[in-house]
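> Questions regarding the structure given below will be posed in turn.
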Protein chains: 2
Amino acid sequence: MKLTPQRKAVFDVILASRDHPTAADIMEHLRNSGQRVSYATVYNSLKYLTNAQLIRELKIGESASRYDARMEAHHHIVCEKCGRVDELLTPLPNEYWQAVTKDTGYDVHDIDIVARGLCPDCRRQP
Amino acid sequence: MKLTPQRKAVFDVILASRDHPTAADIMEHLRNSGQRVSYATVYNSLKYLTNAQLIRELKIGESASRYDARMEAHHHIVCEKCGRVDELLTPLPNEYWQAVTKDTGYDVHDIDIVARGLCPDCRRQP
DNA sequence: GTCATAATCAGACTTATTCTAAATGACGAA
DNA sequence: TTCGTCATTTAGAATAAGTCTGATTATGAC
Ligand SMILES: [Mn+2]
Ligand SMILES: [Mn+2]
Ligand SMILES: [Zn+2]
Ligand SMILES: [Zn+2]
C-alpha cells in the first residue's frame with residue numbers, strides 16, 4: 001500500500017509539468033482532467049512523495065511552495081517580471097563548500113541557490 | 001515626515017539584535033521595553049525600512065520572514081538543529097555569476113545563498 | 001467475510017501577513 | 001491660532017498557505 005492512485009496522479013502532474021507547480025496548480029490540473037481529489041490529499045501526497053525522494057519541495061521566497069520532480073542536484077532562477085522559475089544547472093564549485101565550512105565552523109549539509117533576474121523573453125520587452 | 005518614532009523603534013530593535021529577528025520577535029521586544037505598537041505598524045514599518053534600504057527582508061524557507069540591518073552583501077546559514085541563522089560572509093566567486101548569466105540567458109540581478117547544516121554548538125552535543 | 005490498518009475526504013483550524021476603515025497627528029496656509 | 005490636508009497609526013477583520021481532525025472508505029491478511 002504505497003503509491004496509491006491519488007499519489008500517482010499528483011506525481012504525474014509534477015512530472016509532466018515543466019514549471020515547478022504549486023499545490024494549487026496541481027489541484028487545478030487534477031480538477032481540469034476530471035479527477036476530484038481533496039486538498040488534504042494533495043498535501044499529504046506531496047509530503048509522501050517528498051519523503052520517498054520522488055520529488056522535492058522548493059521554497060523560493062514567494063508564498064507558496066513549488067514542487068520539482070527533477071532530483072539531480074540543481075538550483076533555480078526566478079524571473080522578476082513574469083515570475084517563471086527556471087532550472088539553474090550551473091554547479092557550485094567545490095571550493096565554495098570548503099570555504100563555507102571553514103568560514104562558519106558549520107557541518108554543512110547543503111547549499112541552496114536562488115538567482116533572480118530577467119528571463120530571456122522578458123529582456124526583449126520594454 | 002519620514003522616520004517616525006515607531007519606525008525608528010523597529011529599526012533599533014533590528015540594529016541591536018544579533019539574530020535576524022522575525023516580526024513577532026520585534027513585537028515582543030517592543031512590548032517588553034514598554035512600547036505599545038500595533039502589528040500593522042510593525043509590518044508597515046518593516047516595509048518602509050526595506051524600501052528605504054535600511055534593512056532587508058530574509059526569506060529562509062521557514063514560515064516567518066526575518067529582518068536584517070546588515071546591508072553589505074552577504075548570505076546566511078541555518079542550523080538544522082537549533083534553528084539559528086548565522087551570517088555567511090563567504091562571497092560567491094565572480095565566475096559563478098558569469099556562468100549563471102551564460103547558462104540561463106537571464107539578466108541576473110542577484111544570487112542568494114542559504115546554506116544548511118549543524119552549527120558549531122550543536123556539533124558538540126550528541 | 002472479518003478485522004486491522006492505511007488512505008482519503010470535507011471542512012475546521014492555525015499562522016503569517018495584508019487589508020480596511022476609523023482615529024490621530026504633523027505641517028503649512030490663511 | 002485655526003483649518004484643511006494628508007500621512008501614519010491602530011484594532012481588528014480578512015486572506016492564503018498549509019495542517020489537523022474525525023468520520024468514512026479502501027485494502028488486504030487471515
Ligand atoms: Mn528544478
Ligand atoms: Mn545577515
Ligand atoms: Zn520573465
Ligand atoms: Zn545549532
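Residue numbers start at 1 in each chain; chains themselves are named A, B, ... in the order of the C-alpha cells; ligands are numbered from 1 in the order shown.
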Given a cut-off of 10 Å, what residues near ligand 1 show up using only C-alpha atoms (C1' of nucleotides) and all ligand atoms, put as a list in words?
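Taking only C-alpha atoms (C1' of nucleotides) and all ligand atoms into account, the residues around ligand 1 at most 10 Å away are Arg18, Asp19, His20, Ile55, Arg56, Glu57, Leu58, Arg66, Tyr67, Asp68, Ala69, Arg70, Met71, Glu72, Ala73, His74, His75, His76, Ile77, Val85, Asp86, Glu87, Leu88 and Leu89 of chain A.
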> Residues within 6 Å of ligand 4 (only C-alpha atoms (C1' of nucleotides) and all ligand atoms), as a list in words?
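Going residue by residue within 6 Å of ligand 4, we get Cys79, Lys81, Cys82, Leu118, Cys119, Asp121 and Cys122 of chain B.
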> Keeping all heavy atoms for every residue in the selection just given, could you write it to a file as a JSON list (two decimals), in the first residue's frame?

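Once everything was written out, this is part.json:
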```json
[["chain", "number", "residue", "atom", "x", "y", "z"],
["B", 79, "CYS", "N", 21.07, 26.61, 11.14],
["B", 79, "CYS", "CA", 21.33, 25.35, 11.84],
["B", 79, "CYS", "C", 20.06, 24.51, 11.82],
["B", 79, "CYS", "O", 18.99, 24.95, 12.25],
["B", 79, "CYS", "CB", 21.76, 25.59, 13.29],
["B", 79, "CYS", "SG", 22.03, 24.03, 14.16],
["B", 81, "LYS", "N", 19.43, 22.01, 13.60],
["B", 81, "LYS", "CA", 19.04, 21.51, 14.92],
["B", 81, "LYS", "C", 18.41, 22.63, 15.75],
["B", 81, "LYS", "O", 17.27, 22.52, 16.16],
["B", 81, "LYS", "CB", 20.28, 20.95, 15.63],
["B", 81, "LYS", "CG", 19.99, 20.32, 16.98],
["B", 81, "LYS", "CD", 20.69, 18.96, 17.12],
["B", 81, "LYS", "CE", 20.39, 18.25, 18.43],
["B", 81, "LYS", "NZ", 21.51, 18.40, 19.39],
["B", 82, "CYS", "N", 19.14, 23.72, 15.96],
["B", 82, "CYS", "CA", 18.64, 24.74, 16.88],
["B", 82, "CYS", "C", 17.96, 25.91, 16.16],
["B", 82, "CYS", "O", 17.33, 26.75, 16.79],
["B", 82, "CYS", "CB", 19.76, 25.26, 17.77],
["B", 82, "CYS", "SG", 21.01, 26.21, 16.90],
["B", 118, "LEU", "N", 24.86, 21.92, 10.64],
["B", 118, "LEU", "CA", 24.90, 21.90, 12.09],
["B", 118, "LEU", "C", 25.86, 22.98, 12.58],
["B", 118, "LEU", "O", 27.04, 22.98, 12.21],
["B", 118, "LEU", "CB", 25.40, 20.55, 12.59],
["B", 118, "LEU", "CG", 24.38, 19.44, 12.79],
["B", 118, "LEU", "CD1", 25.04, 18.26, 13.50],
["B", 118, "LEU", "CD2", 23.19, 19.94, 13.60],
["B", 119, "CYS", "N", 25.39, 23.84, 13.44],
["B", 119, "CYS", "CA", 26.23, 24.91, 13.95],
["B", 119, "CYS", "C", 27.28, 24.34, 14.89],
["B", 119, "CYS", "O", 27.13, 23.23, 15.42],
["B", 119, "CYS", "CB", 25.39, 25.96, 14.66],
["B", 119, "CYS", "SG", 24.80, 25.50, 16.28],
["B", 121, "ASP", "N", 27.99, 24.83, 17.95],
["B", 121, "ASP", "CA", 27.45, 24.39, 19.24],
["B", 121, "ASP", "C", 26.78, 23.03, 19.13],
["B", 121, "ASP", "O", 27.01, 22.14, 19.95],
["B", 121, "ASP", "CB", 26.44, 25.42, 19.76],
["B", 121, "ASP", "CG", 27.13, 26.69, 20.24],
["B", 121, "ASP", "OD1", 28.39, 26.72, 20.21],
["B", 121, "ASP", "OD2", 26.43, 27.64, 20.62],
["B", 122, "CYS", "N", 25.93, 22.90, 18.14],
["B", 122, "CYS", "CA", 25.16, 21.66, 18.00],
["B", 122, "CYS", "C", 26.03, 20.49, 17.57],
["B", 122, "CYS", "O", 25.66, 19.34, 17.78],
["B", 122, "CYS", "CB", 24.00, 21.86, 17.03],
["B", 122, "CYS", "SG", 22.70, 22.93, 17.68]]
```
> At a cut-off of 9 Å, using only C-alpha atoms (C1' of nucleotides), what residues contact stretch 40-43 of chain A? Leave out same-chain residues fewer than 4 positions from it and give the result as an mmCIF file with N, CA and C atoms (P, O5', C5', C4', C3', O3' and C1' of nucleotides), in the first residue's frame.

```cif
data_model
loop_
_atom_site.group_PDB
_atom_site.id
_atom_site.type_symbol
_atom_site.label_atom_id
_atom_site.label_comp_id
_atom_site.auth_asym_id
_atom_site.auth_seq_id
_atom_site.Cartn_x
_atom_site.Cartn_y
_atom_site.Cartn_z
ATOM 1 N N GLN A 6 -4.140 8.349 -6.164
ATOM 2 C CA GLN A 6 -4.064 9.796 -5.945
ATOM 3 C C GLN A 6 -2.616 10.272 -5.920
ATOM 4 N N ARG A 7 -1.776 9.525 -5.211
ATOM 5 C CA ARG A 7 -0.374 9.926 -5.126
ATOM 6 C C ARG A 7 0.276 9.898 -6.500
ATOM 7 N N VAL A 10 -0.843 12.927 -8.510
ATOM 8 C CA VAL A 10 -0.097 14.130 -8.135
ATOM 9 C C VAL A 10 1.314 14.077 -8.724
ATOM 10 N N ALA A 23 0.955 23.677 -5.071
ATOM 11 C CA ALA A 23 -0.144 22.777 -4.717
ATOM 12 C C ALA A 23 -1.430 23.204 -5.426
ATOM 13 N N ILE A 26 -1.416 22.166 -9.003
ATOM 14 C CA ILE A 26 -1.660 20.737 -9.123
ATOM 15 C C ILE A 26 -3.144 20.438 -8.955
ATOM 16 N N MET A 27 -3.733 21.037 -7.936
ATOM 17 C CA MET A 27 -5.174 20.923 -7.715
ATOM 18 C C MET A 27 -5.941 21.247 -8.989
ATOM 19 N N LYS A 47 3.737 15.418 0.594
ATOM 20 C CA LYS A 47 4.633 15.071 1.691
ATOM 21 C C LYS A 47 5.159 13.647 1.525
ATOM 22 N N TYR A 48 4.260 12.748 1.152
ATOM 23 C CA TYR A 48 4.670 11.362 0.918
ATOM 24 C C TYR A 48 5.738 11.286 -0.169
ATOM 25 P P DA C 7 -0.846 4.688 3.880
ATOM 26 O "O5'" DA C 7 -2.242 5.180 3.315
ATOM 27 C "C5'" DA C 7 -2.840 4.417 2.281
ATOM 28 C "C4'" DA C 7 -4.029 5.172 1.730
ATOM 29 C "C3'" DA C 7 -3.758 6.631 1.399
ATOM 30 O "O3'" DA C 7 -4.329 6.891 0.138
ATOM 31 C "C1'" DA C 7 -5.567 6.471 2.908
ATOM 32 P P DT C 8 -4.403 8.328 -0.445
ATOM 33 O "O5'" DT C 8 -5.880 8.734 -0.053
ATOM 34 C "C5'" DT C 8 -6.959 8.159 -0.776
ATOM 35 C "C4'" DT C 8 -8.247 8.790 -0.300
ATOM 36 C "C3'" DT C 8 -8.359 10.283 -0.614
ATOM 37 O "O3'" DT C 8 -9.472 10.448 -1.502
ATOM 38 C "C1'" DT C 8 -8.993 9.790 1.630
ATOM 39 P P DC C 9 -9.701 11.901 -2.130
ATOM 40 O "O5'" DC C 9 -10.690 12.540 -1.050
ATOM 41 C "C5'" DC C 9 -11.920 11.873 -0.785
ATOM 42 C "C4'" DC C 9 -12.660 12.584 0.334
ATOM 43 C "C3'" DC C 9 -12.622 14.106 0.209
ATOM 44 O "O3'" DC C 9 -13.898 14.549 -0.249
ATOM 45 C "C1'" DC C 9 -12.190 13.364 2.453
ATOM 46 P P DG D 18 2.026 26.196 0.646
ATOM 47 O "O5'" DG D 18 1.594 25.465 1.984
ATOM 48 C "C5'" DG D 18 2.165 25.930 3.199
ATOM 49 C "C4'" DG D 18 1.421 25.333 4.361
ATOM 50 C "C3'" DG D 18 1.351 23.799 4.347
ATOM 51 O "O3'" DG D 18 2.111 23.336 5.448
ATOM 52 C "C1'" DG D 18 -0.708 24.795 4.993
ATOM 53 P P DT D 19 2.185 21.820 5.832
ATOM 54 O "O5'" DT D 19 1.094 21.678 6.994
ATOM 55 C "C5'" DT D 19 1.265 22.468 8.148
ATOM 56 C "C4'" DT D 19 0.170 22.139 9.135
ATOM 57 C "C3'" DT D 19 0.074 20.658 9.493
ATOM 58 O "O3'" DT D 19 0.055 20.597 10.908
ATOM 59 C "C1'" DT D 19 -2.052 21.496 8.873
#
```
> Can you tell me, as an MDAnalysis selection string, what residues are no more than 12 Å from B:Tyr39 when counting only C-alpha atoms (C1' of nucleotides), ignoring any on the same chain fewer than 5 positions away?
(chainID B and resid 6 10 23:28 30:31 44:46) or (chainID C and resid 16:18) or (chainID D and resid 9:12)
> How would the residues just picked look written out with N, CA and C atoms (P, O5', C5', C4', C3', O3' and C1' of nucleotides) as a PDB file, in the first residue's frame?

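And here's result05.pdb as it stands now:
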```
ATOM      1  N   GLN B   6       7.887  55.276  15.745  1.00  0.00           N
ATOM      2  CA  GLN B   6       7.623  53.837  15.643  1.00  0.00           C
ATOM      3  C   GLN B   6       8.590  53.160  14.687  1.00  0.00           C
ATOM      4  N   VAL B  10      11.364  50.217  15.586  1.00  0.00           N
ATOM      5  CA  VAL B  10      11.502  48.931  14.901  1.00  0.00           C
ATOM      6  C   VAL B  10      12.926  48.774  14.374  1.00  0.00           C
ATOM      7  N   ALA B  23       9.068  39.376  12.683  1.00  0.00           N
ATOM      8  CA  ALA B  23       8.134  40.431  13.098  1.00  0.00           C
ATOM      9  C   ALA B  23       7.653  40.178  14.527  1.00  0.00           C
ATOM     10  N   ALA B  24       7.380  38.912  14.823  1.00  0.00           N
ATOM     11  CA  ALA B  24       6.901  38.579  16.164  1.00  0.00           C
ATOM     12  C   ALA B  24       7.970  38.858  17.218  1.00  0.00           C
ATOM     13  N   ASP B  25       9.227  38.524  16.902  1.00  0.00           N
ATOM     14  CA  ASP B  25      10.330  38.835  17.815  1.00  0.00           C
ATOM     15  C   ASP B  25      10.375  40.332  18.101  1.00  0.00           C
ATOM     16  N   ILE B  26      10.220  41.112  17.043  1.00  0.00           N
ATOM     17  CA  ILE B  26      10.293  42.562  17.185  1.00  0.00           C
ATOM     18  C   ILE B  26       9.142  43.069  18.049  1.00  0.00           C
ATOM     19  N   MET B  27       7.952  42.575  17.764  1.00  0.00           N
ATOM     20  CA  MET B  27       6.783  42.902  18.568  1.00  0.00           C
ATOM     21  C   MET B  27       7.059  42.668  20.041  1.00  0.00           C
ATOM     22  N   GLU B  28       7.535  41.453  20.341  1.00  0.00           N
ATOM     23  CA  GLU B  28       7.771  41.058  21.719  1.00  0.00           C
ATOM     24  C   GLU B  28       8.782  41.998  22.370  1.00  0.00           C
ATOM     25  N   LEU B  30       9.507  45.061  21.601  1.00  0.00           N
ATOM     26  CA  LEU B  30       8.921  46.388  21.832  1.00  0.00           C
ATOM     27  C   LEU B  30       8.000  46.347  23.048  1.00  0.00           C
ATOM     28  N   ARG B  31       7.147  45.336  23.109  1.00  0.00           N
ATOM     29  CA  ARG B  31       6.269  45.145  24.260  1.00  0.00           C
ATOM     30  C   ARG B  31       7.075  45.163  25.557  1.00  0.00           C
ATOM     31  N   ASN B  44       4.091  47.600   8.607  1.00  0.00           N
ATOM     32  CA  ASN B  44       4.254  48.783   7.745  1.00  0.00           C
ATOM     33  C   ASN B  44       5.662  49.350   7.870  1.00  0.00           C
ATOM     34  N   SER B  45       6.155  49.397   9.086  1.00  0.00           N
ATOM     35  CA  SER B  45       7.500  49.931   9.296  1.00  0.00           C
ATOM     36  C   SER B  45       8.539  49.051   8.606  1.00  0.00           C
ATOM     37  N   LEU B  46       8.362  47.758   8.725  1.00  0.00           N
ATOM     38  CA  LEU B  46       9.312  46.855   8.088  1.00  0.00           C
ATOM     39  C   LEU B  46       9.327  47.085   6.581  1.00  0.00           C
TER      40      LEU B  46
ATOM     41  P    DA C  16       3.401  32.455  13.001  1.00  0.00           P
ATOM     42  O5'  DA C  16       3.463  33.284  11.653  1.00  0.00           O
ATOM     43  C5'  DA C  16       4.125  32.706  10.528  1.00  0.00           C
ATOM     44  C4'  DA C  16       3.816  33.554   9.328  1.00  0.00           C
ATOM     45  C3'  DA C  16       4.260  35.011   9.444  1.00  0.00           C
ATOM     46  O3'  DA C  16       4.973  35.344   8.267  1.00  0.00           O
ATOM     47  C1'  DA C  16       1.945  34.886   8.894  1.00  0.00           C
ATOM     48  P    DT C  17       5.580  36.802   8.131  1.00  0.00           P
ATOM     49  O5'  DT C  17       4.383  37.569   7.419  1.00  0.00           O
ATOM     50  C5'  DT C  17       3.955  37.105   6.135  1.00  0.00           C
ATOM     51  C4'  DT C  17       2.700  37.840   5.732  1.00  0.00           C
ATOM     52  C3'  DT C  17       2.846  39.359   5.677  1.00  0.00           C
ATOM     53  O3'  DT C  17       2.804  39.738   4.307  1.00  0.00           O
ATOM     54  C1'  DT C  17       0.750  38.665   6.574  1.00  0.00           C
ATOM     55  P    DT C  18       2.772  41.251   3.848  1.00  0.00           P
ATOM     56  O5'  DT C  18       1.201  41.516   3.666  1.00  0.00           O
ATOM     57  C5'  DT C  18       0.465  40.667   2.818  1.00  0.00           C
ATOM     58  C4'  DT C  18      -0.969  41.159   2.750  1.00  0.00           C
ATOM     59  C3'  DT C  18      -1.112  42.653   2.421  1.00  0.00           C
ATOM     60  O3'  DT C  18      -2.115  42.729   1.422  1.00  0.00           O
ATOM     61  C1'  DT C  18      -2.316  42.143   4.389  1.00  0.00           C
TER      62       DT C  18
ATOM     63  P    DT D   9       3.766  55.345  11.645  1.00  0.00           P
ATOM     64  O5'  DT D   9       2.456  55.040  12.501  1.00  0.00           O
ATOM     65  C5'  DT D   9       2.127  55.888  13.575  1.00  0.00           C
ATOM     66  C4'  DT D   9       0.812  55.441  14.178  1.00  0.00           C
ATOM     67  C3'  DT D   9       0.788  53.970  14.610  1.00  0.00           C
ATOM     68  O3'  DT D   9       0.561  53.923  16.023  1.00  0.00           O
ATOM     69  C1'  DT D   9      -1.162  54.558  13.339  1.00  0.00           C
ATOM     70  P    DT D  10       0.664  52.549  16.793  1.00  0.00           P
ATOM     71  O5'  DT D  10      -0.836  52.048  16.740  1.00  0.00           O
ATOM     72  C5'  DT D  10      -1.866  52.897  17.236  1.00  0.00           C
ATOM     73  C4'  DT D  10      -3.238  52.303  16.953  1.00  0.00           C
ATOM     74  C3'  DT D  10      -3.303  50.798  17.162  1.00  0.00           C
ATOM     75  O3'  DT D  10      -4.009  50.537  18.378  1.00  0.00           O
ATOM     76  C1'  DT D  10      -4.442  51.490  15.158  1.00  0.00           C
ATOM     77  P    DA D  11      -3.907  49.144  19.068  1.00  0.00           P
ATOM     78  O5'  DA D  11      -5.309  48.505  18.631  1.00  0.00           O
ATOM     79  C5'  DA D  11      -6.507  49.237  18.891  1.00  0.00           C
ATOM     80  C4'  DA D  11      -7.677  48.528  18.255  1.00  0.00           C
ATOM     81  C3'  DA D  11      -7.726  47.022  18.530  1.00  0.00           C
ATOM     82  O3'  DA D  11      -9.053  46.671  18.906  1.00  0.00           O
ATOM     83  C1'  DA D  11      -7.623  47.419  16.183  1.00  0.00           C
ATOM     84  P    DG D  12      -9.455  45.207  19.291  1.00  0.00           P
ATOM     85  O5'  DG D  12     -10.007  44.641  17.890  1.00  0.00           O
ATOM     86  C5'  DG D  12     -10.953  45.424  17.166  1.00  0.00           C
ATOM     87  C4'  DG D  12     -11.040  44.884  15.761  1.00  0.00           C
ATOM     88  C3'  DG D  12     -11.183  43.348  15.679  1.00  0.00           C
ATOM     89  O3'  DG D  12     -12.219  43.068  14.757  1.00  0.00           O
ATOM     90  C1'  DG D  12      -9.497  44.079  14.255  1.00  0.00           C
TER      91       DG D  12
END
```
> As a PyMOL selection string, list the residues of chain A assigned to alpha helix (DSSP H) by DSSP on the backbone atoms of this structure.
chain A and resi 5-16+23-32+39-51+94-104+120-124
> Please, could you write that set of residues out with N, CA and C atoms as a compact mmCIF listing (two decimals), in the first residue's frame?

```txt
# COMPACT_ATOMS: atom_id res chain seq x y z
N PRO A 5 -3.39 5.60 -6.28
CA PRO A 5 -3.77 6.34 -7.49
C PRO A 5 -3.68 7.85 -7.31
N GLN A 6 -4.14 8.35 -6.16
CA GLN A 6 -4.06 9.80 -5.95
C GLN A 6 -2.62 10.27 -5.92
N ARG A 7 -1.78 9.52 -5.21
CA ARG A 7 -0.37 9.93 -5.13
C ARG A 7 0.28 9.90 -6.50
N LYS A 8 -0.07 8.87 -7.25
CA LYS A 8 0.50 8.78 -8.59
C LYS A 8 0.00 9.93 -9.46
N ALA A 9 -1.27 10.26 -9.31
CA ALA A 9 -1.82 11.38 -10.09
C ALA A 9 -1.07 12.67 -9.79
N VAL A 10 -0.84 12.93 -8.51
CA VAL A 10 -0.10 14.13 -8.14
C VAL A 10 1.31 14.08 -8.72
N PHE A 11 1.95 12.93 -8.57
CA PHE A 11 3.30 12.76 -9.10
C PHE A 11 3.33 13.01 -10.61
N ASP A 12 2.36 12.46 -11.32
CA ASP A 12 2.33 12.62 -12.77
C ASP A 12 2.20 14.08 -13.19
N VAL A 13 1.38 14.81 -12.46
CA VAL A 13 1.24 16.23 -12.80
C VAL A 13 2.59 16.92 -12.69
N ILE A 14 3.31 16.63 -11.62
CA ILE A 14 4.61 17.29 -11.43
C ILE A 14 5.59 16.84 -12.50
N LEU A 15 5.60 15.55 -12.78
CA LEU A 15 6.49 15.01 -13.82
C LEU A 15 6.23 15.69 -15.16
N ALA A 16 4.96 15.81 -15.50
CA ALA A 16 4.59 16.32 -16.82
C ALA A 16 4.83 17.81 -16.93
N ALA A 23 0.96 23.68 -5.07
CA ALA A 23 -0.14 22.78 -4.72
C ALA A 23 -1.43 23.20 -5.43
N ALA A 24 -1.65 24.50 -5.49
CA ALA A 24 -2.86 24.99 -6.15
C ALA A 24 -2.84 24.67 -7.64
N ASP A 25 -1.67 24.84 -8.27
CA ASP A 25 -1.54 24.47 -9.69
C ASP A 25 -1.92 23.00 -9.89
N ILE A 26 -1.42 22.17 -9.00
CA ILE A 26 -1.66 20.74 -9.12
C ILE A 26 -3.14 20.44 -8.95
N MET A 27 -3.73 21.04 -7.94
CA MET A 27 -5.17 20.92 -7.71
C MET A 27 -5.94 21.25 -8.99
N GLU A 28 -5.63 22.40 -9.54
CA GLU A 28 -6.35 22.88 -10.72
C GLU A 28 -6.19 21.88 -11.87
N HIS A 29 -4.98 21.43 -12.06
CA HIS A 29 -4.71 20.49 -13.13
C HIS A 29 -5.53 19.22 -12.97
N LEU A 30 -5.57 18.70 -11.75
CA LEU A 30 -6.33 17.48 -11.49
C LEU A 30 -7.82 17.72 -11.75
N ARG A 31 -8.33 18.83 -11.22
CA ARG A 31 -9.73 19.21 -11.47
C ARG A 31 -10.03 19.19 -12.95
N ASN A 32 -9.21 19.93 -13.71
CA ASN A 32 -9.43 20.07 -15.15
C ASN A 32 -9.41 18.72 -15.86
N TYR A 39 -7.93 18.73 -1.09
CA TYR A 39 -6.71 19.47 -0.81
C TYR A 39 -5.82 18.72 0.17
N ALA A 40 -6.44 18.18 1.19
CA ALA A 40 -5.66 17.45 2.20
C ALA A 40 -4.87 16.33 1.55
N THR A 41 -5.50 15.64 0.61
CA THR A 41 -4.81 14.52 -0.04
C THR A 41 -3.67 15.01 -0.92
N VAL A 42 -3.88 16.13 -1.59
CA VAL A 42 -2.79 16.67 -2.39
C VAL A 42 -1.60 16.99 -1.48
N TYR A 43 -1.85 17.66 -0.38
CA TYR A 43 -0.74 17.99 0.52
C TYR A 43 -0.13 16.74 1.13
N ASN A 44 -0.98 15.78 1.51
CA ASN A 44 -0.43 14.53 2.04
C ASN A 44 0.42 13.82 0.99
N SER A 45 -0.06 13.81 -0.22
CA SER A 45 0.69 13.14 -1.29
C SER A 45 2.02 13.85 -1.51
N LEU A 46 2.00 15.16 -1.50
CA LEU A 46 3.24 15.91 -1.71
C LEU A 46 4.24 15.56 -0.61
N LYS A 47 3.74 15.42 0.59
CA LYS A 47 4.63 15.07 1.69
C LYS A 47 5.16 13.65 1.52
N TYR A 48 4.26 12.75 1.15
CA TYR A 48 4.67 11.36 0.92
C TYR A 48 5.74 11.29 -0.17
N LEU A 49 5.48 11.95 -1.29
CA LEU A 49 6.41 11.90 -2.41
C LEU A 49 7.75 12.53 -2.05
N THR A 50 7.69 13.57 -1.25
CA THR A 50 8.94 14.20 -0.82
C THR A 50 9.75 13.25 0.06
N ASN A 51 9.09 12.61 1.02
CA ASN A 51 9.79 11.64 1.86
C ASN A 51 10.35 10.49 1.03
N ASN A 94 33.41 23.30 -5.85
CA ASN A 94 33.70 22.62 -4.60
C ASN A 94 34.41 23.49 -3.59
N GLU A 95 35.25 24.37 -4.09
CA GLU A 95 35.99 25.22 -3.13
C GLU A 95 35.02 26.09 -2.34
N TYR A 96 33.86 26.38 -2.93
CA TYR A 96 32.93 27.22 -2.18
C TYR A 96 32.43 26.48 -0.95
N TRP A 97 32.06 25.23 -1.12
CA TRP A 97 31.66 24.41 0.03
C TRP A 97 32.75 24.43 1.10
N GLN A 98 33.95 24.16 0.67
CA GLN A 98 35.05 24.13 1.63
C GLN A 98 35.19 25.46 2.36
N ALA A 99 35.08 26.54 1.59
CA ALA A 99 35.21 27.86 2.20
C ALA A 99 34.11 28.10 3.22
N VAL A 100 32.87 27.67 2.91
CA VAL A 100 31.77 27.86 3.85
C VAL A 100 32.04 27.09 5.13
N THR A 101 32.44 25.84 4.99
CA THR A 101 32.75 25.03 6.16
C THR A 101 33.79 25.73 7.02
N LYS A 102 34.82 26.20 6.37
CA LYS A 102 35.91 26.84 7.10
C LYS A 102 35.46 28.15 7.75
N ASP A 103 34.74 28.97 6.99
CA ASP A 103 34.38 30.30 7.47
C ASP A 103 33.34 30.27 8.59
N THR A 104 32.47 29.27 8.59
CA THR A 104 31.37 29.29 9.56
C THR A 104 31.56 28.29 10.70
N PRO A 120 15.06 35.54 -20.56
CA PRO A 120 15.31 35.94 -21.95
C PRO A 120 14.09 36.58 -22.61
N ASP A 121 12.90 35.99 -22.42
CA ASP A 121 11.69 36.56 -23.01
C ASP A 121 11.45 37.98 -22.53
N CYS A 122 11.52 38.18 -21.22
CA CYS A 122 11.21 39.49 -20.66
C CYS A 122 12.28 40.52 -20.99
N ARG A 123 13.48 40.07 -21.27
CA ARG A 123 14.53 41.03 -21.63
C ARG A 123 14.18 41.77 -22.91
N ARG A 124 13.50 41.09 -23.81
CA ARG A 124 13.16 41.70 -25.10
C ARG A 124 12.14 42.81 -24.94
```
> Have a look at C:DA6, C:DC19, C:DC13, C:DA26 and name the one nearest to chain A; count only C-alpha atoms (C1' of nucleotides).
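Looking at the shortest contact to chain A, the residue is C:DA6.
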> Give one line per residue of chain B that approaches ligand 3 to at most 12 Å, naming the two atoms of the closest pair and their distance in Å to one decimal, counting only C-alpha atoms and all ligand atoms; sort by chain then ascending residue number and deliver it as JSON lines.

```
{"residue": "B:Thr104", "atom": "CA", "partner": "ligand 3", "partner_atom_place_in_ligand_line": "1 (Zn)", "distance": 11.9}
{"residue": "B:Gly105", "atom": "CA", "partner": "ligand 3", "partner_atom_place_in_ligand_line": "1 (Zn)", "distance": 11.1}
{"residue": "B:Tyr106", "atom": "CA", "partner": "ligand 3", "partner_atom_place_in_ligand_line": "1 (Zn)", "distance": 8.8}
{"residue": "B:Asp107", "atom": "CA", "partner": "ligand 3", "partner_atom_place_in_ligand_line": "1 (Zn)", "distance": 10.1}
{"residue": "B:Val108", "atom": "CA", "partner": "ligand 3", "partner_atom_place_in_ligand_line": "1 (Zn)", "distance": 11.6}
```
> Could you write out that same residue set with N, CA and C atoms as a PDB file, in the first residue's frame?

```
ATOM      1  N   THR B 104      21.930  30.526 -18.392  1.00  0.00           N
ATOM      2  CA  THR B 104      20.476  30.703 -18.350  1.00  0.00           C
ATOM      3  C   THR B 104      19.966  31.716 -19.366  1.00  0.00           C
ATOM      4  N   GLY B 105      20.816  32.597 -19.839  1.00  0.00           N
ATOM      5  CA  GLY B 105      20.352  33.664 -20.720  1.00  0.00           C
ATOM      6  C   GLY B 105      19.632  34.774 -19.967  1.00  0.00           C
ATOM      7  N   TYR B 106      19.582  34.672 -18.652  1.00  0.00           N
ATOM      8  CA  TYR B 106      18.942  35.710 -17.832  1.00  0.00           C
ATOM      9  C   TYR B 106      19.845  36.937 -17.713  1.00  0.00           C
ATOM     10  N   ASP B 107      19.203  38.071 -17.487  1.00  0.00           N
ATOM     11  CA  ASP B 107      19.908  39.236 -16.989  1.00  0.00           C
ATOM     12  C   ASP B 107      19.879  39.109 -15.465  1.00  0.00           C
ATOM     13  N   VAL B 108      20.941  38.627 -14.874  1.00  0.00           N
ATOM     14  CA  VAL B 108      20.943  38.237 -13.463  1.00  0.00           C
ATOM     15  C   VAL B 108      21.079  39.459 -12.554  1.00  0.00           C
TER      16      VAL B 108
END
```
> Measuring atom to atom with only C-alpha atoms and all ligand atoms, identify which of B:Leu92, B:Ile111, B:Ala52, B:Val78 is nearest to ligand 2.
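With only C-alpha atoms and all ligand atoms as the atom set, the closest residue is B:Val78.
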> What lies within 8 Å of B:Ile60 using only C-alpha atoms (C1' of nucleotides), ignoring chain neighbours under 4 positions off, as a list in words?
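Listed by chain and then number, they are Gly61 of chain A; Ser65, Arg66 and Val114 of chain B.
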> Could you dump the residues just selected with N, CA and C atoms as a tab-separated table (two decimals), in the first residue's frame?

```tsv
chain	number	residue	atom	x	y	z
A	61	GLY	N	11.35	32.04	-1.69
A	61	GLY	CA	10.86	33.35	-1.26
A	61	GLY	C	9.36	33.58	-1.36
B	65	SER	N	9.20	35.62	7.83
B	65	SER	CA	10.33	36.41	7.35
B	65	SER	C	11.18	36.88	8.52
B	66	ARG	N	12.47	37.01	8.27
B	66	ARG	CA	13.36	37.60	9.24
B	66	ARG	C	13.90	38.89	8.67
B	114	VAL	N	21.45	30.15	0.65
B	114	VAL	CA	21.12	29.72	2.00
B	114	VAL	C	21.74	28.35	2.20
```
